[in-house]
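Structure below is entry04.pdb: PDB, C-alpha atoms, pLDDT in the B column.
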```pdb
MODEL        1
ATOM      1  CA  MET A   4     147.448 139.707-220.252  1.00 48.00           C
ATOM      2  CA  SER A   5     144.613 141.507-218.576  1.00 50.00           C
ATOM      3  CA  GLY A   6     143.111 144.512-220.288  1.00 56.00           C
ATOM      4  CA  ARG A   7     142.867 146.499-217.080  1.00 60.00           C
ATOM      5  CA  ARG A   8     144.838 149.703-216.832  1.00 60.00           C
ATOM      6  CA  PRO A   9     146.794 150.350-213.668  1.00 55.00           C
ATOM      7  CA  ALA A  10     144.871 152.635-211.243  1.00 55.00           C
ATOM      8  CA  ARG A  11     146.242 156.107-210.990  1.00 58.00           C
ATOM      9  CA  ARG A  12     147.280 157.301-207.591  1.00 57.00           C
ATOM     10  CA  SER A  13     145.571 160.517-206.652  1.00 53.00           C
ATOM     11  CA  SER A  14     148.057 163.169-205.745  1.00 53.00           C
ATOM     12  CA  PRO A  15     147.594 164.650-202.263  1.00 53.00           C
ATOM     13  CA  ARG A  16     145.939 168.007-202.137  1.00 54.00           C
ATOM     14  CA  LYS A  17     148.135 170.838-201.089  1.00 52.00           C
ATOM     15  CA  ARG A  18     146.409 172.363-198.090  1.00 55.00           C
ATOM     16  CA  ARG A  19     149.366 173.750-196.185  1.00 62.00           C
ATOM     17  CA  PRO A  20     149.268 177.246-197.695  1.00 66.00           C
ATOM     18  CA  ALA A  21     145.553 177.563-196.813  1.00 68.00           C
ATOM     19  CA  ARG A  22     146.171 176.398-193.233  1.00 69.00           C
ATOM     20  CA  ARG A  23     149.022 178.833-192.852  1.00 70.00           C
ATOM     21  CA  ARG A  24     146.847 181.670-194.105  1.00 72.00           C
ATOM     22  CA  GLN A  25     144.131 180.715-191.584  1.00 72.00           C
ATOM     23  CA  GLN A  26     146.651 180.563-188.736  1.00 70.00           C
ATOM     24  CA  GLY A  27     147.974 183.947-189.773  1.00 72.00           C
ATOM     25  CA  ASN A  28     144.471 185.412-189.777  1.00 76.00           C
ATOM     26  CA  ASP A  29     143.797 183.954-186.324  1.00 76.00           C
ATOM     27  CA  LEU A  30     147.001 185.479-184.986  1.00 75.00           C
ATOM     28  CA  LEU A  31     146.086 188.872-186.436  1.00 77.00           C
ATOM     29  CA  THR A  32     142.657 188.633-184.815  1.00 82.00           C
ATOM     30  CA  VAL A  33     144.165 187.815-181.420  1.00 82.00           C
ATOM     31  CA  LEU A  34     146.605 190.679-181.721  1.00 81.00           C
ATOM     32  CA  ALA A  35     143.823 193.069-182.716  1.00 82.00           C
ATOM     33  CA  VAL A  36     141.641 192.024-179.783  1.00 84.00           C
ATOM     34  CA  GLY A  37     144.586 192.325-177.412  1.00 82.00           C
ATOM     35  CA  ALA A  38     145.400 195.799-178.725  1.00 84.00           C
ATOM     36  CA  MET A  39     141.779 196.879-178.268  1.00 86.00           C
ATOM     37  CA  ALA A  40     141.727 195.513-174.707  1.00 86.00           C
ATOM     38  CA  LEU A  41     144.937 197.360-173.858  1.00 85.00           C
ATOM     39  CA  ALA A  42     143.503 200.533-175.344  1.00 87.00           C
ATOM     40  CA  VAL A  43     140.347 200.211-173.259  1.00 87.00           C
ATOM     41  CA  VAL A  44     142.340 199.497-170.082  1.00 87.00           C
ATOM     42  CA  GLY A  45     144.590 202.462-170.798  1.00 85.00           C
ATOM     43  CA  ALA A  46     141.601 204.742-171.324  1.00 86.00           C
ATOM     44  CA  VAL A  47     140.030 203.580-168.059  1.00 83.00           C
ATOM     45  CA  VAL A  48     143.264 204.105-166.143  1.00 83.00           C
ATOM     46  CA  ARG A  49     143.671 207.629-167.596  1.00 85.00           C
ATOM     47  CA  TRP A  50     140.074 208.454-166.702  1.00 84.00           C
ATOM     48  CA  LEU A  51     140.558 207.210-163.138  1.00 79.00           C
ATOM     49  CA  LEU A  52     143.735 209.241-162.750  1.00 81.00           C
ATOM     50  CA  GLU A  53     141.982 212.352-164.029  1.00 82.00           C
ATOM     51  CA  ASN A  54     138.967 211.754-161.774  1.00 82.00           C
ATOM     52  CA  TRP A  55     140.706 210.506-158.632  1.00 77.00           C
ATOM     53  CA  TRP A  56     138.339 212.520-156.470  1.00 78.00           C
ATOM     54  CA  LEU A  57     135.482 210.281-157.650  1.00 76.00           C
ATOM     55  CA  LEU A  58     137.380 207.233-156.394  1.00 71.00           C
ATOM     56  CA  MET A  59     137.800 208.879-153.033  1.00 79.00           C
ATOM     57  CA  LEU A  60     134.081 209.637-152.949  1.00 81.00           C
ATOM     58  CA  LEU A  61     133.181 206.045-153.808  1.00 80.00           C
ATOM     59  CA  ALA A  62     135.590 204.723-151.180  1.00 83.00           C
ATOM     60  CA  ALA A  63     134.074 206.998-148.543  1.00 83.00           C
ATOM     61  CA  ALA A  64     130.566 205.898-149.518  1.00 83.00           C
ATOM     62  CA  ALA A  65     131.573 202.220-149.348  1.00 84.00           C
ATOM     63  CA  ALA A  66     133.146 202.755-145.945  1.00 84.00           C
ATOM     64  CA  SER A  67     129.993 204.506-144.733  1.00 79.00           C
ATOM     65  CA  VAL A  68     127.735 201.705-145.977  1.00 83.00           C
ATOM     66  CA  GLY A  69     130.045 199.062-144.505  1.00 80.00           C
ATOM     67  CA  GLY A  70     130.092 200.845-141.171  1.00 74.00           C
ATOM     68  CA  ALA A  71     126.318 201.081-141.128  1.00 70.00           C
ATOM     69  CA  LEU A  72     125.953 197.381-141.901  1.00 78.00           C
ATOM     70  CA  TRP A  73     128.452 196.461-139.194  1.00 74.00           C
ATOM     71  CA  HIS A  74     126.647 198.659-136.676  1.00 59.00           C
ATOM     72  CA  THR A  75     123.297 197.096-137.592  1.00 61.00           C
ATOM     73  CA  ARG A  76     124.670 193.582-137.247  1.00 70.00           C
ATOM     74  CA  SER A  77     126.378 194.328-133.937  1.00 62.00           C
ATOM     75  CA  GLN A  78     123.190 195.906-132.594  1.00 53.00           C
ATOM     76  CA  ARG A  79     121.177 192.897-133.715  1.00 54.00           C
ATOM     77  CA  ALA A  80     123.661 190.520-132.090  1.00 57.00           C
ATOM     78  CA  ARG A  81     123.624 192.550-128.870  1.00 53.00           C
ATOM     79  CA  TRP A  82     119.831 192.529-128.684  1.00 48.00           C
ATOM     80  CA  GLU A  83     119.803 188.827-129.458  1.00 56.00           C
ATOM     81  CA  ARG A  84     122.130 188.227-126.511  1.00 57.00           C
ATOM     82  CA  VAL A  85     119.919 190.358-124.271  1.00 49.00           C
ATOM     83  CA  ARG A  86     116.837 188.450-125.449  1.00 53.00           C
ATOM     84  CA  ALA A  87     118.534 185.104-124.881  1.00 57.00           C
ATOM     85  CA  GLN A  88     119.705 186.060-121.397  1.00 61.00           C
ATOM     86  CA  GLY A  89     116.171 187.084-120.478  1.00 75.00           C
ATOM     87  CA  LEU A  90     114.550 183.968-121.941  1.00 90.00           C
ATOM     88  CA  ARG A  91     112.102 182.379-119.524  1.00 94.00           C
ATOM     89  CA  TYR A  92     109.431 179.716-119.870  1.00 95.00           C
ATOM     90  CA  ARG A  93     106.626 178.718-117.583  1.00 95.00           C
ATOM     91  CA  LEU A  94     105.603 175.073-117.536  1.00 97.00           C
ATOM     92  CA  ALA A  95     102.163 175.991-118.850  1.00 96.00           C
ATOM     93  CA  GLN A  96     103.830 177.591-121.881  1.00 96.00           C
ATOM     94  CA  LEU A  97     105.915 174.490-122.533  1.00 97.00           C
ATOM     95  CA  ASP A  98     102.860 172.233-122.186  1.00 97.00           C
ATOM     96  CA  ALA A  99     101.034 174.232-124.860  1.00 97.00           C
ATOM     97  CA  LEU A 100     103.827 173.847-127.422  1.00 97.00           C
ATOM     98  CA  HIS A 101     103.885 171.409-130.317  1.00 96.00           C
ATOM     99  CA  TYR A 102     106.580 168.789-129.801  1.00 95.00           C
ATOM    100  CA  ASP A 103     108.661 170.385-132.572  1.00 95.00           C
ATOM    101  CA  ALA A 104     108.420 173.812-130.913  1.00 96.00           C
ATOM    102  CA  PHE A 105     109.326 172.169-127.605  1.00 97.00           C
ATOM    103  CA  GLU A 106     112.619 171.017-129.145  1.00 97.00           C
ATOM    104  CA  TYR A 107     113.319 174.568-130.337  1.00 96.00           C
ATOM    105  CA  ALA A 108     112.573 175.835-126.821  1.00 97.00           C
ATOM    106  CA  VAL A 109     115.144 173.429-125.358  1.00 97.00           C
ATOM    107  CA  ARG A 110     117.651 174.581-127.954  1.00 97.00           C
ATOM    108  CA  ASP A 111     117.015 178.236-127.048  1.00 96.00           C
ATOM    109  CA  LEU A 112     117.447 177.486-123.351  1.00 97.00           C
ATOM    110  CA  MET A 113     120.849 175.939-124.077  1.00 97.00           C
ATOM    111  CA  ARG A 114     121.811 179.023-126.089  1.00 96.00           C
ATOM    112  CA  ARG A 115     120.651 181.233-123.235  1.00 95.00           C
ATOM    113  CA  ASP A 116     123.024 179.379-120.927  1.00 94.00           C
ATOM    114  CA  GLY A 117     125.998 180.047-123.198  1.00 93.00           C
ATOM    115  CA  CYS A 118     125.934 177.212-125.749  1.00 96.00           C
ATOM    116  CA  ALA A 119     126.294 179.395-128.823  1.00 94.00           C
ATOM    117  CA  ASP A 120     126.398 176.444-131.227  1.00 96.00           C
ATOM    118  CA  ALA A 121     123.226 174.754-129.929  1.00 97.00           C
ATOM    119  CA  GLN A 122     121.223 173.370-132.830  1.00 96.00           C
ATOM    120  CA  LYS A 123     118.019 171.420-133.289  1.00 96.00           C
ATOM    121  CA  LEU A 124     118.395 168.081-135.061  1.00 92.00           C
ATOM    122  CA  GLY A 125     115.017 166.531-134.324  1.00 68.00           C
ATOM    123  CA  GLY A 126     113.345 164.748-137.226  1.00 69.00           C
ATOM    124  CA  ARG A 127     113.855 161.694-139.358  1.00 71.00           C
ATOM    125  CA  GLY A 128     117.385 160.357-139.128  1.00 68.00           C
ATOM    126  CA  ASP A 129     118.233 162.266-135.948  1.00 75.00           C
ATOM    127  CA  ASN A 130     119.563 159.052-134.359  1.00 84.00           C
ATOM    128  CA  GLY A 131     117.984 159.804-131.018  1.00 85.00           C
ATOM    129  CA  CYS A 132     119.257 163.389-130.743  1.00 94.00           C
ATOM    130  CA  ASP A 133     116.934 166.399-130.877  1.00 96.00           C
ATOM    131  CA  VAL A 134     119.357 169.071-129.642  1.00 97.00           C
ATOM    132  CA  LEU A 135     123.140 169.108-129.931  1.00 97.00           C
ATOM    133  CA  ALA A 136     125.227 171.712-128.090  1.00 97.00           C
ATOM    134  CA  THR A 137     128.633 172.522-126.620  1.00 97.00           C
ATOM    135  CA  ASP A 138     128.678 174.298-123.265  1.00 96.00           C
ATOM    136  CA  PRO A 139     131.189 177.032-122.295  1.00 95.00           C
ATOM    137  CA  PHE A 140     133.372 174.352-120.688  1.00 96.00           C
ATOM    138  CA  GLY A 141     133.795 172.372-123.894  1.00 96.00           C
ATOM    139  CA  ARG A 142     131.439 169.532-123.001  1.00 97.00           C
ATOM    140  CA  ARG A 143     129.271 168.121-125.791  1.00 97.00           C
ATOM    141  CA  TRP A 144     125.580 167.772-124.917  1.00 98.00           C
ATOM    142  CA  VAL A 145     123.272 165.293-126.630  1.00 97.00           C
ATOM    143  CA  ILE A 146     119.638 165.947-125.717  1.00 97.00           C
ATOM    144  CA  GLN A 147     116.533 163.957-126.556  1.00 97.00           C
ATOM    145  CA  CYS A 148     113.165 165.668-125.973  1.00 97.00           C
ATOM    146  CA  LYS A 149     109.886 163.988-125.084  1.00 97.00           C
ATOM    147  CA  HIS A 150     106.935 166.347-125.010  1.00 98.00           C
ATOM    148  CA  ARG A 151     103.683 165.431-123.279  1.00 97.00           C
ATOM    149  CA  SER A 152     100.678 167.563-124.218  1.00 94.00           C
ATOM    150  CA  LYS A 153      99.042 166.632-120.878  1.00 95.00           C
ATOM    151  CA  GLY A 154     102.180 167.377-118.902  1.00 95.00           C
ATOM    152  CA  LEU A 155     102.426 165.389-115.698  1.00 95.00           C
ATOM    153  CA  ALA A 156      99.183 163.591-116.483  1.00 95.00           C
ATOM    154  CA  GLY A 157     100.596 162.238-119.741  1.00 95.00           C
ATOM    155  CA  ALA A 158     102.228 158.850-120.246  1.00 96.00           C
ATOM    156  CA  ALA A 159     105.489 158.364-118.378  1.00 98.00           C
ATOM    157  CA  VAL A 160     108.701 158.210-120.432  1.00 98.00           C
ATOM    158  CA  GLY A 161     109.813 154.602-120.302  1.00 97.00           C
ATOM    159  CA  THR A 162     112.967 152.547-120.631  1.00 97.00           C
ATOM    160  CA  PRO A 163     112.702 152.010-124.443  1.00 96.00           C
ATOM    161  CA  ASP A 164     113.193 155.748-125.088  1.00 95.00           C
ATOM    162  CA  LEU A 165     116.264 155.761-122.875  1.00 97.00           C
ATOM    163  CA  GLN A 166     117.630 152.662-124.594  1.00 96.00           C
ATOM    164  CA  VAL A 167     117.521 154.433-127.947  1.00 94.00           C
ATOM    165  CA  LEU A 168     119.295 157.458-126.499  1.00 96.00           C
ATOM    166  CA  ASN A 169     121.861 155.284-124.743  1.00 96.00           C
ATOM    167  CA  GLY A 170     122.631 153.471-127.995  1.00 95.00           C
ATOM    168  CA  THR A 171     123.430 156.655-129.947  1.00 95.00           C
ATOM    169  CA  GLY A 172     124.252 159.416-127.464  1.00 96.00           C
ATOM    170  CA  ARG A 173     127.893 158.506-126.995  1.00 95.00           C
ATOM    171  CA  PRO A 174     128.743 156.055-129.827  1.00 95.00           C
ATOM    172  CA  VAL A 175     127.130 158.116-132.616  1.00 95.00           C
ATOM    173  CA  HIS A 176     126.982 161.717-131.373  1.00 95.00           C
ATOM    174  CA  ARG A 177     130.106 161.545-129.145  1.00 95.00           C
ATOM    175  CA  GLY A 178     128.270 163.157-126.243  1.00 96.00           C
ATOM    176  CA  ASP A 179     129.919 163.964-122.930  1.00 97.00           C
ATOM    177  CA  VAL A 180     126.542 164.649-121.314  1.00 98.00           C
ATOM    178  CA  VAL A 181     123.562 162.626-122.565  1.00 98.00           C
ATOM    179  CA  VAL A 182     120.182 163.974-121.452  1.00 98.00           C
ATOM    180  CA  LEU A 183     116.496 163.227-121.885  1.00 98.00           C
ATOM    181  CA  VAL A 184     114.212 166.192-121.228  1.00 98.00           C
ATOM    182  CA  THR A 185     110.465 165.911-120.734  1.00 98.00           C
ATOM    183  CA  ASN A 186     107.707 168.149-119.461  1.00 98.00           C
ATOM    184  CA  GLY A 187     106.163 164.999-117.997  1.00 98.00           C
ATOM    185  CA  ARG A 188     107.579 162.223-115.829  1.00 98.00           C
ATOM    186  CA  PHE A 189     109.725 159.094-115.968  1.00 98.00           C
ATOM    187  CA  SER A 190     108.748 155.586-114.988  1.00 98.00           C
ATOM    188  CA  ALA A 191     110.604 153.950-112.096  1.00 98.00           C
ATOM    189  CA  PRO A 192     112.390 151.428-114.397  1.00 98.00           C
ATOM    190  CA  ALA A 193     113.451 154.319-116.636  1.00 98.00           C
ATOM    191  CA  ARG A 194     114.986 156.136-113.680  1.00 98.00           C
ATOM    192  CA  ASP A 195     116.877 153.005-112.667  1.00 98.00           C
ATOM    193  CA  PHE A 196     118.110 152.448-116.218  1.00 98.00           C
ATOM    194  CA  GLY A 197     119.209 156.071-116.545  1.00 97.00           C
ATOM    195  CA  LYS A 198     121.214 155.854-113.337  1.00 96.00           C
ATOM    196  CA  GLN A 199     122.872 152.609-114.417  1.00 97.00           C
ATOM    197  CA  GLN A 200     123.852 153.999-117.822  1.00 96.00           C
ATOM    198  CA  GLN A 201     124.841 157.468-116.580  1.00 96.00           C
ATOM    199  CA  LEU A 202     122.052 159.196-118.486  1.00 98.00           C
ATOM    200  CA  HIS A 203     120.731 162.481-117.127  1.00 98.00           C
ATOM    201  CA  LEU A 204     116.961 162.747-116.734  1.00 98.00           C
ATOM    202  CA  VAL A 205     115.230 166.132-116.675  1.00 98.00           C
ATOM    203  CA  ASP A 206     111.648 165.682-115.513  1.00 98.00           C
ATOM    204  CA  ARG A 207     108.898 168.266-115.173  1.00 98.00           C
ATOM    205  CA  LYS A 208     110.094 169.612-111.840  1.00 97.00           C
ATOM    206  CA  LEU A 209     113.697 170.011-112.950  1.00 97.00           C
ATOM    207  CA  LEU A 210     112.605 171.469-116.297  1.00 98.00           C
ATOM    208  CA  GLY A 211     110.576 174.092-114.456  1.00 97.00           C
ATOM    209  CA  GLN A 212     113.647 175.142-112.458  1.00 96.00           C
ATOM    210  CA  TRP A 213     115.804 175.286-115.574  1.00 97.00           C
ATOM    211  CA  ALA A 214     113.279 177.149-117.721  1.00 96.00           C
ATOM    212  CA  ALA A 215     112.818 179.729-114.944  1.00 93.00           C
ATOM    213  CA  GLY A 216     116.298 180.944-115.848  1.00 87.00           C
ATOM    214  CA  SER A 217     117.971 181.110-112.476  1.00 79.00           C
ATOM    215  CA  ARG A 218     120.706 178.543-113.222  1.00 92.00           C
ATOM    216  CA  PRO A 219     122.106 176.725-116.275  1.00 95.00           C
ATOM    217  CA  LEU A 220     121.270 173.066-116.706  1.00 96.00           C
ATOM    218  CA  TRP A 221     124.731 171.790-115.773  1.00 96.00           C
ATOM    219  CA  GLU A 222     124.374 173.371-112.340  1.00 95.00           C
ATOM    220  CA  LEU A 223     121.118 171.503-111.759  1.00 96.00           C
ATOM    221  CA  LEU A 224     122.327 168.017-112.692  1.00 96.00           C
ATOM    222  CA  ASP A 225     124.455 165.617-110.675  1.00 93.00           C
ATOM    223  CA  ARG A 226     127.459 163.642-111.903  1.00 91.00           C
ATOM    224  CA  ILE A 227     128.353 166.065-114.698  1.00 94.00           C
ATOM    225  CA  PRO A 228     131.771 165.358-116.314  1.00 93.00           C
ATOM    226  CA  PRO A 229     134.537 167.862-115.556  1.00 93.00           C
ATOM    227  CA  PRO A 230     135.209 170.694-118.014  1.00 92.00           C
ATOM    228  CA  ARG A 231     137.182 169.861-121.138  1.00 84.00           C
ATOM    229  CA  ARG A 232     138.954 173.224-121.059  1.00 71.00           C
ATOM    230  CA  ALA A 233     139.759 175.683-118.304  1.00 58.00           C
ATOM    231  CA  THR A 234     137.561 178.778-118.113  1.00 54.00           C
ATOM    232  CA  PRO A 235     137.086 181.511-115.492  1.00 49.00           C
ATOM    233  CA  ARG A 236     133.830 179.782-114.494  1.00 47.00           C
ATOM    234  CA  SER A 237     135.517 176.412-114.007  1.00 43.00           C
TER     235      SER A 237
ENDMDL
END
```
Show me this structure written as structure tokens.
Amino acid sequence: MSGRRPARRSSPRKRRPARRRQQGNDLLTVLAVGAMALAVVGAVVRWLLENWWLLMLLAAAAASVGGALWHTRSQRARWERVRAQGLRYRLAQLDALHYDAFEYAVRDLMRRDGCADAQKLGGRGDNGCDVLATDPFGRRWVIQCKHRSKGLAGAAVGTPDLQVLNGTGRPVHRGDVVVLVTNGRFSAPARDFGKQQQLHLVDRKLLGQWAAGSRPLWELLDRIPPPRRATPRS
């Protein structure tokens, strides 16, 4: 027989009473915190009831500040509309712009004509669209801008630029009216291509008429799609 003694099994420690005491302490803590919170809320409510006039004063002050802010914003919006309606550009001004500023000028002209959502998209990844806008008749305008620092004496806008616009204007940007605007001129092949593909070309002469502010762009172009929604102007 082996001389080894059988190993004694260690009896499990009794931890349940300690756990119960901890749970009881946690519950007491929660109850104490809850009672304190209720006491604070009750004190605040009593103070507000006793000083109701202060609430009325704060409400009046808030209403006054809110009214002043609303008035300031409405005045700013009104003056912005007045400024937009009076926006005019001479061709010499447009020639002197940086190409990026030229795109902003085209955006502002669209806003002047009632396209409140007109935005400039020009830059990397613009997919051939510098300005995107919706006119008051619901038509979506996709506009590419080509600025020439020398104006009419600069290089003519050629067919490759129109091919890029044609490839993205409707398929990518879902445009109803696809336009290329330049303060210069278009080559003869570009004009032919634009007519074939139903692209609208705004050259220096047409840009000068538009920027003068007498008529919106859609009244200066031919073959414009019909309005998408009925308006008093349609």
Open item on the list: Which residues, named as in the file, does the PyMOL selection byres ((chain A and resi 209) around 10) pick out? Answer as a VMD selection string.
Closed with: chain A and resid 184 to 186 204 to 208 210 to 215 220 223 to 224
TODO: Name the residues that the PyMOL selection byres ((chain A and resi 100) around 12) picks from the file above, as JSON, numbers by chain, using the file's chain letters and numbers.
DONE: {"A": [92, 93, 94, 95, 96, 97, 98, 99, 101, 102, 103, 104, 105, 106, 107, 108, 109, 149, 150, 151, 152, 153, 154, 186]}
Open item on the list: Could you tell me how far atom CA of A:Phe140 sits from atom CA of A:Leu124, in Å to one decimal place?
Closed with: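 Straight-line distance from atom CA of A:Leu124 to atom CA of A:Phe140 works out to 21.7 Å.
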Task: the PyMOL selection byres ((chain A and resi 146) around 10) resolved against shown file, as a list in words - done: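 Checking the PyMOL selection byres ((chain A and resi 146) around 10) against this file, the residues are Glu106, Val109, Arg110, Lys123, Leu124, Gly125, Gly131, Cys132, Asp133, Val134, Leu135, Ala136, Arg143, Trp144, Val145, Gln147, Cys148, Lys149, Leu168, Gly172, Gly178, Val180, Val181, Val182, Leu183, Val184, His203 and Leu204 of chain A.
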Open item on the list: Give me, as a ChimeraX atom specification, all polymer residues having an atom no more than 12 Å from A:Lys198, counting only C-alpha atoms and skipping those fewer than 3 positions away in the same chain.
Closed with: /A:162,165,169,181-182,191-195,201-204,225-226
Include C-alpha atoms and write out the residues we just selected as a JSON list (two decimals), keeping the file's coordinate frame.
```
[["chain", "number", "residue", "atom", "x", "y", "z"],
["A", 162, "THR", "CA", 112.97, 152.55, -120.63],
["A", 165, "LEU", "CA", 116.26, 155.76, -122.88],
["A", 169, "ASN", "CA", 121.86, 155.28, -124.74],
["A", 181, "VAL", "CA", 123.56, 162.63, -122.56],
["A", 182, "VAL", "CA", 120.18, 163.97, -121.45],
["A", 191, "ALA", "CA", 110.60, 153.95, -112.10],
["A", 192, "PRO", "CA", 112.39, 151.43, -114.40],
["A", 193, "ALA", "CA", 113.45, 154.32, -116.64],
["A", 194, "ARG", "CA", 114.99, 156.14, -113.68],
["A", 195, "ASP", "CA", 116.88, 153.00, -112.67],
["A", 201, "GLN", "CA", 124.84, 157.47, -116.58],
["A", 202, "LEU", "CA", 122.05, 159.20, -118.49],
["A", 203, "HIS", "CA", 120.73, 162.48, -117.13],
["A", 204, "LEU", "CA", 116.96, 162.75, -116.73],
["A", 225, "ASP", "CA", 124.46, 165.62, -110.68],
["A", 226, "ARG", "CA", 127.46, 163.64, -111.90]]
```
- [ ] Can you work out which one of A:Ala65, A:Ala35, A:Val160, A:Leu58 has the shortest atom-to-atom distance to A:Phe196, counting only C-alpha atoms?
- [x]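 Residue with the minimum atom-to-atom distance to A:Phe196: A:Val160.
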Open item on the list: Could you tell me how far atom CA of A:Asp111 sits from atom CA of A:Arg188, in Å to one decimal place?
Closed with: 21.7 Å
Open item on the list: Just the number, please: distance in Å from atom CA of A:Asp179 to atom CA of A:Trp221, one decimal.
Closed with: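 Computed distance, atom CA of A:Asp179 to atom CA of A:Trp221, equals 11.8 Å.
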Determine the axis-aligned bounding box of all atoms of stretch 153-166 of chain A present in the file, pad each side by 8 Å, and express its centre and edge lengths in Å to one decimal place as JSON.
```
{"center_x": 108.3, "center_y": 159.7, "center_z": -120.4, "size_x": 34.6, "size_y": 31.4, "size_z": 25.4}
```
Task: Residue nearest A:Arg177 - candidates A:Arg24, A:Arg142, A:Arg231, A:Arg76, atoms counted: all atoms listed in the file - done: A:Arg142
If I only have part of stretch 199-205 of chain A, can you fill in all heavy atoms and write it as a PDB file, in the frame of the given file?
```
ATOM      1  N   GLN A 199     121.892 153.652-114.082  1.00 97.00           N
ATOM      2  CA  GLN A 199     122.872 152.609-114.417  1.00 97.00           C
ATOM      3  C   GLN A 199     123.745 153.014-115.603  1.00 97.00           C
ATOM      4  O   GLN A 199     124.949 152.749-115.623  1.00 97.00           O
ATOM      5  CB  GLN A 199     122.150 151.300-114.733  1.00 97.00           C
ATOM      6  CG  GLN A 199     121.429 150.675-113.544  1.00 97.00           C
ATOM      7  CD  GLN A 199     120.518 149.545-113.974  1.00 97.00           C
ATOM      8  OE1 GLN A 199     120.484 149.169-115.142  1.00 97.00           O
ATOM      9  NE2 GLN A 199     119.765 148.992-113.021  1.00 97.00           N
ATOM     10  N   GLN A 200     123.143 153.664-116.579  1.00 96.00           N
ATOM     11  CA  GLN A 200     123.852 153.999-117.822  1.00 96.00           C
ATOM     12  C   GLN A 200     124.413 155.421-117.832  1.00 96.00           C
ATOM     13  O   GLN A 200     124.898 155.890-118.857  1.00 96.00           O
ATOM     14  CB  GLN A 200     122.904 153.818-119.015  1.00 96.00           C
ATOM     15  CG  GLN A 200     122.353 152.409-119.153  1.00 96.00           C
ATOM     16  CD  GLN A 200     123.451 151.379-119.342  1.00 96.00           C
ATOM     17  OE1 GLN A 200     124.442 151.620-120.043  1.00 96.00           O
ATOM     18  NE2 GLN A 200     123.288 150.216-118.713  1.00 96.00           N
ATOM     19  N   GLN A 201     124.330 156.103-116.706  1.00 96.00           N
ATOM     20  CA  GLN A 201     124.841 157.468-116.580  1.00 96.00           C
ATOM     21  C   GLN A 201     124.178 158.418-117.579  1.00 96.00           C
ATOM     22  O   GLN A 201     124.821 159.245-118.225  1.00 96.00           O
ATOM     23  CB  GLN A 201     126.370 157.491-116.754  1.00 96.00           C
ATOM     24  CG  GLN A 201     127.104 156.706-115.687  1.00 96.00           C
ATOM     25  CD  GLN A 201     128.615 156.771-115.838  1.00 96.00           C
ATOM     26  OE1 GLN A 201     129.130 157.264-116.836  1.00 96.00           O
ATOM     27  NE2 GLN A 201     129.329 156.282-114.848  1.00 96.00           N
ATOM     28  N   LEU A 202     122.855 158.280-117.691  1.00 98.00           N
ATOM     29  CA  LEU A 202     122.052 159.196-118.486  1.00 98.00           C
ATOM     30  C   LEU A 202     121.399 160.202-117.543  1.00 98.00           C
ATOM     31  O   LEU A 202     120.984 159.845-116.441  1.00 98.00           O
ATOM     32  CB  LEU A 202     120.963 158.434-119.258  1.00 98.00           C
ATOM     33  CG  LEU A 202     121.448 157.313-120.185  1.00 98.00           C
ATOM     34  CD1 LEU A 202     120.257 156.587-120.796  1.00 98.00           C
ATOM     35  CD2 LEU A 202     122.357 157.863-121.273  1.00 98.00           C
ATOM     36  N   HIS A 203     121.299 161.437-117.980  1.00 98.00           N
ATOM     37  CA  HIS A 203     120.731 162.481-117.127  1.00 98.00           C
ATOM     38  C   HIS A 203     119.273 162.705-117.514  1.00 98.00           C
ATOM     39  O   HIS A 203     118.953 162.945-118.684  1.00 98.00           O
ATOM     40  CB  HIS A 203     121.536 163.772-117.274  1.00 98.00           C
ATOM     41  CG  HIS A 203     122.949 163.634-116.810  1.00 98.00           C
ATOM     42  ND1 HIS A 203     123.313 163.772-115.487  1.00 98.00           N
ATOM     43  CD2 HIS A 203     124.081 163.336-117.485  1.00 98.00           C
ATOM     44  CE1 HIS A 203     124.623 163.586-115.365  1.00 98.00           C
ATOM     45  NE2 HIS A 203     125.110 163.315-116.561  1.00 98.00           N
ATOM     46  N   LEU A 204     118.391 162.633-116.514  1.00 98.00           N
ATOM     47  CA  LEU A 204     116.961 162.747-116.734  1.00 98.00           C
ATOM     48  C   LEU A 204     116.458 164.085-116.195  1.00 98.00           C
ATOM     49  O   LEU A 204     116.668 164.400-115.017  1.00 98.00           O
ATOM     50  CB  LEU A 204     116.215 161.598-116.052  1.00 98.00           C
ATOM     51  CG  LEU A 204     116.724 160.175-116.354  1.00 98.00           C
ATOM     52  CD1 LEU A 204     115.810 159.138-115.718  1.00 98.00           C
ATOM     53  CD2 LEU A 204     116.850 159.948-117.854  1.00 98.00           C
ATOM     54  N   VAL A 205     115.816 164.848-117.072  1.00 98.00           N
ATOM     55  CA  VAL A 205     115.230 166.132-116.675  1.00 98.00           C
ATOM     56  C   VAL A 205     113.719 165.976-116.734  1.00 98.00           C
ATOM     57  O   VAL A 205     113.118 165.943-117.820  1.00 98.00           O
ATOM     58  CB  VAL A 205     115.701 167.262-117.610  1.00 98.00           C
ATOM     59  CG1 VAL A 205     115.041 168.586-117.219  1.00 98.00           C
ATOM     60  CG2 VAL A 205     117.221 167.389-117.561  1.00 98.00           C
TER      61      VAL A 205
END
```
